Amino acid sequence: MREVTLSVPNTDFAFFQRMMKGFGWKYKEVVPQDEDTKEAVLESLDRAFAEFHEMQATGRKGRRAEELIDEL
């Protein structure tokens, strides 16, 4: 069995449900997460730059990008 992810427009969702039921296929409805708003992205950037400037002013060293990626 394979799993497939689809995005179905709200206007076609009732048809999609009938089609899945007709084929006897299972489906799970997942509500998409809201994308970050422009304001949230700008606030995040402001915090990042403020932390960067603080690091420069205090002489504190940051971590290398490779170290952060390795943690993931």
# chains A, B, ... in the order shown; residues from 1 in each chain; ligands from 1

call {"tool": "select_by_dssp", "arguments": {"residues": "chain A", "states": "alpha helix (DSSP H)", "output": "ChimeraX atom specification"}}
result
/A:13-23,38-58,65-71

call {"tool": "write_last_selection", "arguments": {"atoms": "C-alpha atoms", "output": "PDB file, in the first residue's frame"}}
result
ATOM      1  CA  PHE A  13     -13.892  18.193  -1.260  1.00  0.00           C
ATOM      2  CA  ALA A  14     -17.397  16.658  -1.171  1.00  0.00           C
ATOM      3  CA  PHE A  15     -16.733  15.048  -4.565  1.00  0.00           C
ATOM      4  CA  PHE A  16     -13.362  13.809  -3.306  1.00  0.00           C
ATOM      5  CA  GLN A  17     -15.019  12.214  -0.264  1.00  0.00           C
ATOM      6  CA  ARG A  18     -17.599  10.425  -2.443  1.00  0.00           C
ATOM      7  CA  MET A  19     -14.888   9.217  -4.809  1.00  0.00           C
ATOM      8  CA  MET A  20     -12.740   7.824  -1.970  1.00  0.00           C
ATOM      9  CA  LYS A  21     -15.764   6.085  -0.465  1.00  0.00           C
ATOM     10  CA  GLY A  22     -16.690   4.648  -3.875  1.00  0.00           C
ATOM     11  CA  PHE A  23     -13.227   3.154  -4.331  1.00  0.00           C
ATOM     12  CA  LYS A  38       4.814  38.915   7.063  1.00  0.00           C
ATOM     13  CA  GLU A  39       4.721  40.508  10.511  1.00  0.00           C
ATOM     14  CA  ALA A  40       5.863  37.301  12.227  1.00  0.00           C
ATOM     15  CA  VAL A  41       8.764  36.915   9.804  1.00  0.00           C
ATOM     16  CA  LEU A  42       9.819  40.537  10.312  1.00  0.00           C
ATOM     17  CA  GLU A  43       9.645  40.159  14.120  1.00  0.00           C
ATOM     18  CA  SER A  44      11.794  37.042  13.899  1.00  0.00           C
ATOM     19  CA  LEU A  45      14.356  38.872  11.785  1.00  0.00           C
ATOM     20  CA  ASP A  46      14.371  41.804  14.210  1.00  0.00           C
ATOM     21  CA  ARG A  47      15.087  39.427  17.118  1.00  0.00           C
ATOM     22  CA  ALA A  48      17.854  37.701  15.158  1.00  0.00           C
ATOM     23  CA  PHE A  49      19.560  40.984  14.235  1.00  0.00           C
ATOM     24  CA  ALA A  50      19.232  42.287  17.794  1.00  0.00           C
ATOM     25  CA  GLU A  51      20.918  39.143  19.096  1.00  0.00           C
ATOM     26  CA  PHE A  52      23.622  39.444  16.435  1.00  0.00           C
ATOM     27  CA  HIS A  53      24.341  43.068  17.377  1.00  0.00           C
ATOM     28  CA  GLU A  54      24.441  42.116  21.062  1.00  0.00           C
ATOM     29  CA  MET A  55      26.948  39.376  20.267  1.00  0.00           C
ATOM     30  CA  GLN A  56      29.118  41.860  18.397  1.00  0.00           C
ATOM     31  CA  ALA A  57      28.955  44.395  21.234  1.00  0.00           C
ATOM     32  CA  THR A  58      29.798  41.905  23.990  1.00  0.00           C
ATOM     33  CA  ALA A  65      26.380  26.684  11.076  1.00  0.00           C
ATOM     34  CA  GLU A  66      27.821  23.188  10.667  1.00  0.00           C
ATOM     35  CA  GLU A  67      27.385  22.548  14.401  1.00  0.00           C
ATOM     36  CA  LEU A  68      23.750  23.620  14.257  1.00  0.00           C
ATOM     37  CA  ILE A  69      23.069  21.443  11.215  1.00  0.00           C
ATOM     38  CA  ASP A  70      24.752  18.459  12.864  1.00  0.00           C
ATOM     39  CA  GLU A  71      22.344  18.765  15.801  1.00  0.00           C
TER      40      GLU A  71
END

call {"tool": "atom_distance", "arguments": {"atom1": "atom CA of A:Leu72", "atom2": "atom CA of A:Glu29"}}
result
28.7 Å

call {"tool": "residues_around", "arguments": {"residues": "A:Glu3", "least_positions_apart": "3", "cutoff": "12 Å", "atoms": "only C-alpha atoms", "output": "ChimeraX atom specification"}}
result
/A:6,25-28

call {"tool": "decode", "arguments": {"residues": "stretch 18-52 of chain A", "atoms": "C-alpha atoms", "output": "JSON list (two decimals), in the first residue's frame"}}
result
[["chain", "number", "residue", "atom", "x", "y", "z"],
["A", 18, "ARG", "CA", -17.60, 10.42, -2.44],
["A", 19, "MET", "CA", -14.89, 9.22, -4.81],
["A", 20, "MET", "CA", -12.74, 7.82, -1.97],
["A", 21, "LYS", "CA", -15.76, 6.08, -0.46],
["A", 22, "GLY", "CA", -16.69, 4.65, -3.88],
["A", 23, "PHE", "CA", -13.23, 3.15, -4.33],
["A", 24, "GLY", "CA", -13.16, 1.94, -0.73],
["A", 25, "TRP", "CA", -10.00, 3.95, -0.09],
["A", 26, "LYS", "CA", -9.16, 5.46, 3.28],
["A", 27, "TYR", "CA", -8.30, 9.12, 3.64],
["A", 28, "LYS", "CA", -7.40, 11.40, 6.51],
["A", 29, "GLU", "CA", -8.21, 15.09, 6.47],
["A", 30, "VAL", "CA", -5.37, 17.28, 7.69],
["A", 31, "VAL", "CA", -5.92, 20.97, 8.28],
["A", 32, "PRO", "CA", -2.92, 22.87, 6.87],
["A", 33, "GLN", "CA", -0.89, 24.99, 9.24],
["A", 34, "ASP", "CA", -1.03, 28.69, 8.61],
["A", 35, "GLU", "CA", 2.03, 30.07, 6.94],
["A", 36, "ASP", "CA", 4.02, 32.67, 8.82],
["A", 37, "THR", "CA", 2.64, 36.11, 8.34],
["A", 38, "LYS", "CA", 4.81, 38.91, 7.06],
["A", 39, "GLU", "CA", 4.72, 40.51, 10.51],
["A", 40, "ALA", "CA", 5.86, 37.30, 12.23],
["A", 41, "VAL", "CA", 8.76, 36.92, 9.80],
["A", 42, "LEU", "CA", 9.82, 40.54, 10.31],
["A", 43, "GLU", "CA", 9.65, 40.16, 14.12],
["A", 44, "SER", "CA", 11.79, 37.04, 13.90],
["A", 45, "LEU", "CA", 14.36, 38.87, 11.79],
["A", 46, "ASP", "CA", 14.37, 41.80, 14.21],
["A", 47, "ARG", "CA", 15.09, 39.43, 17.12],
["A", 48, "ALA", "CA", 17.85, 37.70, 15.16],
["A", 49, "PHE", "CA", 19.56, 40.98, 14.23],
["A", 50, "ALA", "CA", 19.23, 42.29, 17.79],
["A", 51, "GLU", "CA", 20.92, 39.14, 19.10],
["A", 52, "PHE", "CA", 23.62, 39.44, 16.44]]
